[in-house]
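A.B. asks: This is target-v7.txt, which holds compact mmCIF, C-alpha atoms:
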# COMPACT_ATOMS: atom_id res chain seq x y z
CA MET A 1 12.81 3.66 -7.34
CA ILE A 2 13.07 0.65 -9.62
CA LEU A 3 9.70 0.23 -11.31
CA GLY A 4 8.96 -3.36 -12.32
CA SER A 5 6.63 -5.08 -14.79
CA GLY A 6 3.47 -3.08 -15.49
CA LEU A 7 4.32 -0.38 -12.94
CA GLY A 8 6.16 2.10 -15.15
CA SER A 9 3.21 4.54 -15.07
CA PHE A 10 4.18 5.56 -11.55
CA THR A 11 6.19 8.29 -13.25
CA ASP A 12 2.84 10.03 -13.89
CA ASP A 13 2.87 10.88 -10.16
CA ILE A 14 6.28 12.56 -10.42
CA ALA A 15 6.77 16.24 -11.17
CA ILE A 16 9.33 15.39 -13.82
CA GLU A 17 12.31 17.67 -14.25
CA PHE A 18 14.36 15.50 -16.59
CA THR A 19 14.03 12.22 -18.48
CA LEU A 20 17.11 10.44 -19.75
CA PRO A 21 16.84 7.32 -21.97
CA TYR A 22 19.10 4.50 -20.87
CA ASP A 23 20.86 4.38 -24.21
CA GLU A 24 22.12 7.93 -23.60
CA ILE A 25 23.73 7.05 -20.24
CA PRO A 26 27.35 5.79 -20.41
CA ASN A 27 27.71 2.10 -19.42
CA PHE A 28 23.95 1.65 -18.84
CA PRO A 29 22.43 -1.54 -20.21
CA VAL A 30 19.22 -1.26 -22.26
CA SER A 31 16.12 -3.21 -21.22
CA THR A 32 14.93 -5.79 -23.76
CA VAL A 33 11.73 -6.85 -21.99
CA GLU A 34 8.20 -5.75 -22.92
CA GLY A 35 6.73 -3.56 -20.18
CA HIS A 36 10.10 -2.02 -19.31
CA LYS A 37 10.31 1.36 -21.06
CA GLY A 38 13.98 2.16 -20.47
CA ALA A 39 14.48 5.66 -19.08
CA LEU A 40 15.81 7.34 -15.94
CA VAL A 41 13.32 9.91 -14.63
CA LEU A 42 14.35 12.65 -12.21
CA GLY A 43 11.90 14.91 -10.40
CA THR A 44 9.94 15.37 -7.19
CA ILE A 45 7.01 13.93 -5.30
CA GLY A 46 5.86 16.65 -2.96
CA THR A 47 9.05 18.00 -1.45
CA LYS A 48 10.98 14.75 -1.96
CA LYS A 49 13.50 14.44 -4.77
CA VAL A 50 13.21 11.13 -6.60
CA VAL A 51 15.01 9.14 -9.27
CA ALA A 52 12.95 6.45 -10.99
CA MET A 53 14.01 3.68 -13.31
CA GLN A 54 11.32 2.99 -15.89
CA GLY A 55 12.27 -0.60 -16.48
CA ARG A 56 15.02 -2.70 -14.99
CA PHE A 57 17.63 -5.14 -16.24
CA HIS A 58 17.59 -8.86 -15.64
CA TYR A 59 20.33 -11.46 -15.43
CA TYR A 60 18.40 -13.64 -17.90
CA GLU A 61 18.77 -10.95 -20.58
CA GLY A 62 22.44 -11.87 -20.77
CA TYR A 63 23.86 -9.10 -18.60
CA SER A 64 26.34 -9.74 -15.82
CA MET A 65 25.25 -9.07 -12.26
CA GLN A 66 27.52 -6.03 -12.21
CA GLU A 67 25.62 -4.64 -15.20
CA VAL A 68 22.22 -5.53 -13.72
CA THR A 69 22.99 -3.65 -10.50
CA PHE A 70 25.05 -0.78 -11.98
CA PRO A 71 22.05 1.62 -11.86
CA VAL A 72 21.84 1.22 -8.08
CA ARG A 73 25.45 2.40 -7.83
CA VAL A 74 24.65 5.36 -10.08
CA MET A 75 21.58 6.36 -8.07
CA LYS A 76 23.55 6.15 -4.82
CA TYR A 77 26.08 8.62 -6.22
CA LEU A 78 23.25 10.84 -7.45
CA GLY A 79 22.40 11.21 -3.76
CA ILE A 80 19.59 8.76 -2.96
CA GLN A 81 19.29 7.48 0.60
CA LYS A 82 16.43 5.00 0.16
CA LEU A 83 15.65 2.51 -2.59
CA ILE A 84 12.13 1.33 -3.41
CA VAL A 85 11.87 -1.73 -5.63
CA SER A 86 8.73 -3.16 -7.21
CA ASN A 87 8.19 -6.39 -9.11
CA ALA A 88 5.69 -8.92 -10.35
CA SER A 89 5.89 -12.41 -8.89
CA GLY A 90 4.27 -15.83 -8.80
CA GLY A 91 2.58 -16.71 -5.55
CA VAL A 92 2.92 -20.01 -3.71
CA ASN A 93 1.32 -18.93 -0.43
CA PRO A 94 -2.22 -20.39 -0.48
CA ASN A 95 -3.49 -17.25 1.24
CA TYR A 96 -2.48 -15.17 -1.79
CA LYS A 97 -4.52 -14.49 -4.90
CA VAL A 98 -3.74 -12.81 -8.21
CA GLY A 99 -3.60 -9.04 -7.75
CA ASP A 100 -2.47 -9.13 -4.12
CA ILE A 101 0.12 -6.57 -3.02
CA VAL A 102 2.89 -8.12 -0.96
CA ILE A 103 5.32 -6.14 1.18
CA ILE A 104 8.59 -8.06 1.06
CA HIS A 105 10.22 -8.47 4.47
CA ASP A 106 12.96 -10.93 3.48
CA HIS A 107 14.30 -12.84 0.50
CA ILE A 108 16.07 -16.04 -0.54
CA ASN A 109 18.77 -15.68 -3.18
CA LEU A 110 18.97 -18.57 -5.65
CA VAL A 111 20.20 -16.56 -8.63
CA PRO A 112 23.38 -18.36 -9.81
CA GLU A 113 25.71 -15.33 -9.90
CA HIS A 114 26.15 -13.14 -6.82
CA PRO A 115 26.28 -9.39 -7.55
CA LEU A 116 29.19 -8.88 -5.11
CA ARG A 117 31.31 -11.69 -6.54
CA GLY A 118 34.81 -10.50 -7.41
CA LYS A 119 37.18 -7.94 -5.96
CA ASN A 120 35.46 -5.63 -3.49
CA ASP A 121 35.67 -1.87 -3.94
CA GLU A 122 35.80 -0.43 -0.43
CA ARG A 123 34.51 2.91 -1.76
CA PHE A 124 31.14 1.24 -2.28
CA GLY A 125 30.88 -0.93 0.81
CA PRO A 126 32.40 -3.73 2.91
CA ARG A 127 33.56 -7.10 1.64
CA PHE A 128 31.04 -8.96 3.80
CA VAL A 129 27.62 -7.32 3.95
CA ASN A 130 25.29 -7.81 6.92
CA MET A 131 21.98 -8.97 5.44
CA SER A 132 20.06 -9.29 8.72
CA GLU A 133 17.73 -6.49 7.58
CA PRO A 134 17.62 -6.47 3.77
CA TYR A 135 14.31 -4.61 3.80
CA SER A 136 13.98 -1.65 6.15
CA LYS A 137 11.75 -2.44 9.13
CA LYS A 138 11.09 1.27 9.53
CA MET A 139 9.93 1.66 5.92
CA ILE A 140 7.81 -1.50 6.19
CA ALA A 141 6.08 -0.13 9.29
CA THR A 142 5.42 3.18 7.54
CA ALA A 143 4.04 1.39 4.47
CA LYS A 144 1.66 -0.65 6.61
CA GLU A 145 0.40 2.51 8.30
CA VAL A 146 -0.11 4.13 4.90
CA ALA A 147 -1.94 1.03 3.65
CA GLN A 148 -4.27 1.03 6.63
CA ILE A 149 -5.06 4.74 6.34
CA ASN A 150 -5.80 4.40 2.61
CA ALA A 151 -7.70 1.09 2.90
CA ILE A 152 -5.15 -0.75 0.76
CA GLU A 153 -4.97 -4.45 1.55
CA VAL A 154 -1.39 -5.69 1.77
CA LYS A 155 0.18 -9.03 2.61
CA ASP A 156 3.60 -9.89 4.07
CA GLY A 157 5.94 -12.21 2.27
CA ILE A 158 9.35 -13.71 1.61
CA TYR A 159 10.49 -13.39 -2.01
CA LEU A 160 12.68 -16.01 -3.68
CA GLY A 161 14.85 -14.93 -6.60
CA LEU A 162 15.52 -17.30 -9.51
CA GLN A 163 17.33 -16.71 -12.80
CA GLY A 164 14.49 -17.13 -15.33
CA PRO A 165 13.39 -16.42 -18.02
CA THR A 166 11.07 -19.45 -17.94
CA PHE A 167 8.16 -19.45 -15.56
CA GLU A 168 8.58 -22.10 -12.90
CA THR A 169 7.43 -25.69 -13.27
CA LEU A 170 4.89 -27.00 -10.79
CA ALA A 171 7.69 -28.92 -9.04
CA GLU A 172 9.76 -25.74 -8.82
CA TYR A 173 6.84 -23.81 -7.34
CA LYS A 174 6.50 -26.57 -4.74
CA MET A 175 10.24 -26.27 -4.03
CA VAL A 176 9.87 -22.52 -3.50
CA LYS A 177 7.13 -23.15 -0.96
CA ILE A 178 9.12 -25.87 0.83
CA LEU A 179 12.11 -23.52 1.12
CA GLY A 180 9.94 -21.06 3.04
CA ALA A 181 9.17 -18.39 0.45
CA ASP A 182 5.75 -16.96 -0.36
CA CYS A 183 6.43 -15.77 -3.90
CA VAL A 184 9.04 -16.11 -6.62
CA GLY A 185 10.43 -13.90 -9.36
CA MET A 186 13.38 -13.08 -11.57
CA SER A 187 14.60 -9.74 -10.20
CA THR A 188 14.89 -7.53 -7.09
CA VAL A 189 17.29 -9.67 -5.04
CA PRO A 190 20.49 -8.49 -6.82
CA GLU A 191 19.49 -4.82 -6.60
CA VAL A 192 18.66 -5.13 -2.91
CA ILE A 193 21.98 -6.83 -2.14
CA VAL A 194 23.89 -4.03 -3.85
CA ALA A 195 21.73 -1.39 -2.14
CA ARG A 196 22.59 -2.88 1.24
CA HIS A 197 26.25 -3.05 0.20
CA MET A 198 26.04 0.73 -0.23
CA ASP A 199 24.10 1.22 3.03
CA LEU A 200 20.83 2.24 1.37
CA GLU A 201 17.56 1.65 3.18
CA THR A 202 15.47 -0.61 0.98
CA PHE A 203 11.76 -1.31 0.57
CA GLY A 204 10.31 -3.99 -1.71
CA VAL A 205 6.77 -4.53 -2.93
CA SER A 206 5.51 -7.32 -5.18
CA VAL A 207 2.29 -7.78 -7.12
CA ILE A 208 1.12 -11.38 -7.34
CA THR A 209 0.43 -11.88 -11.03
CA ASP A 210 -0.04 -15.66 -11.09
CA MET A 211 -0.39 -18.55 -8.69
CA GLY A 212 1.96 -21.52 -8.81
CA ASN A 213 -0.60 -24.26 -8.33
CA GLU A 214 -2.28 -26.97 -10.40
CA GLU A 215 -5.30 -24.77 -11.17
CA SER A 216 -3.50 -21.84 -12.82
CA ILE A 217 -0.01 -22.93 -13.88
CA GLY A 218 -1.08 -23.96 -17.39
CA THR A 219 -2.37 -20.54 -18.43
CA ILE A 220 0.35 -18.09 -17.34
CA SER A 221 1.99 -15.86 -19.97
CA HIS A 222 3.95 -12.60 -19.90
CA ASP A 223 0.92 -10.70 -21.23
CA GLU A 224 -1.18 -12.00 -18.34
CA VAL A 225 1.56 -10.98 -15.90
CA LEU A 226 1.50 -7.43 -17.28
CA GLU A 227 -2.30 -7.32 -17.20
CA ALA A 228 -2.46 -8.42 -13.55
CA ALA A 229 0.26 -5.94 -12.55
CA GLN A 230 -1.53 -3.10 -14.33
CA LYS A 231 -4.80 -3.85 -12.54
CA ALA A 232 -3.04 -3.54 -9.17
CA GLU A 233 -1.05 -0.50 -10.26
CA PRO A 234 -3.31 2.29 -8.86
CA LYS A 235 -3.08 0.90 -5.33
CA VAL A 236 0.67 0.26 -5.60
CA ARG A 237 1.21 3.79 -6.91
CA LYS A 238 -0.75 5.25 -3.99
CA LEU A 239 1.17 3.10 -1.50
CA ILE A 240 4.58 4.09 -2.88
CA GLN A 241 3.64 7.76 -3.23
CA GLU A 242 2.51 7.99 0.39
CA LEU A 243 5.51 5.99 1.58
CA ILE A 244 7.82 8.51 -0.08
CA LEU A 245 5.97 11.47 1.40
CA ASN A 246 6.03 9.95 4.90
CA SER A 247 9.58 8.56 4.92
Take the structure in the file and write it out as structure tokens.
C.D. replies:
Amino acid sequence: MILGSGLGSFTDDIAIEFTLPYDEIPNFPVSTVEGHKGALVLGTIGTKKVVAMQGRFHYYEGYSMQEVTFPVRVMKYLGIQKLIVSNASGGVNPNYKVGDIVIIHDHINLVPEHPLRGKNDERFGPRFVNMSEPYSKKMIATAKEVAQINAIEVKDGIYLGLQGPTFETLAEYKMVKILGADCVGMSTVPEVIVARHMDLETFGVSVITDMGNEESIGTISHDEVLEAAQKAEPKVRKLIQELILNS
């Protein structure tokens, strides 16, 4: 699991066996963003073994895409078979509101550096990756069943990845909508591409923390993003916990 902005407390649901700070792991970057604690947590949820990243790395922090996605490679070789990614995003779908939980079923990659650029290492995966199913249809179906059983309202959406770190202008939010996305953020897409490169099933969930429209664009700040994500956190934690137990 890669736990995004405001969702690091999901580790409270894990029977933790070991916690390893990023700065003690060889070649690991260190997160520089508030709300990203910076530790690898290993343990169990029920009978399922899990590895959770408390905080992720972003391209806008100055890391290369290879550095940003390096933890996915590490987790694959630790033995994971499925990757769950969470994030906070700005909504452009008029049917969304702040606090909505969106199950990502596809994405648009507009981050300027591709994580698979450069010489391909065949030990990790093929040169040309089939991205027809970036997010596992099976895991999405399970998550929707879990949401219905637990009375958790979820929306579907396409996520568009941009570089950041600025929040989008109103014109950029309009562009995101025109391109066919429902929400936009600064993460997730690179990790998912690398996960698919390594044949990992992937599930993505986003919390809408602001709306990219005339009414709300002037007030958004990182603190407000964290606050909105934290309010939605109990439901997201329940959704992810049950998804793990039922996958």
A.B. asks: Can you list, as a ChimeraX atom specification, every protein, DNA or RNA residue that comes within 12 Å of Glu24 of chain A when you count all atoms listed in the file, leaving out same-chain residues fewer than 6 positions away?
C.D. replies: /A:30,38-40
A.B. asks: Which residues, written as a list in words, have at least one atom at most 7 Å from segment 52-69 of chain A, with only C-alpha atoms counted and residues fewer than 4 positions away on the same chain left out?
C.D. replies: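 Answer for this query is Met1, Ile2, Leu3, Gly4, Gly8, Pro29, Ser31, His36, Lys37, Gly38, Ala39, Leu40, Val41, Leu42, Glu113, His114, Pro115, Gln163, Gly164, Pro165, Ser187, Pro190, Glu191 and Val194 of chain A.
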A.B. asks: Env of Ser89 of chain A: 6 Å cut, atoms = only C-alpha atoms, seq-sep filter 6 positions within chain, self excluded. Answer as a PDB file with C-alpha atoms, in the coordinates of the input.
C.D. replies:
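Output file around.pdb is given in full below:
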ATOM      1  CA  VAL A 184       9.040 -16.110  -6.620  1.00  0.00           C
ATOM      2  CA  GLY A 185      10.430 -13.900  -9.360  1.00  0.00           C
ATOM      3  CA  ILE A 208       1.120 -11.380  -7.340  1.00  0.00           C
ATOM      4  CA  THR A 209       0.430 -11.880 -11.030  1.00  0.00           C
TER       5      THR A 209
END
A.B. asks: Fewer than 5 positions away in the same chain doesn't count, so skip those; otherwise give me all residues within 10 Å of Lys48 of chain A, counting all atoms listed in the file, as a ChimeraX atom specification.
C.D. replies: /A:14,43,244-247
A.B. asks: Atom CA of His197 of chain A and atom CA of Val85 of chain A, how far apart in Å?
C.D. replies: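 Interatomic distance here is 15.6 Å.
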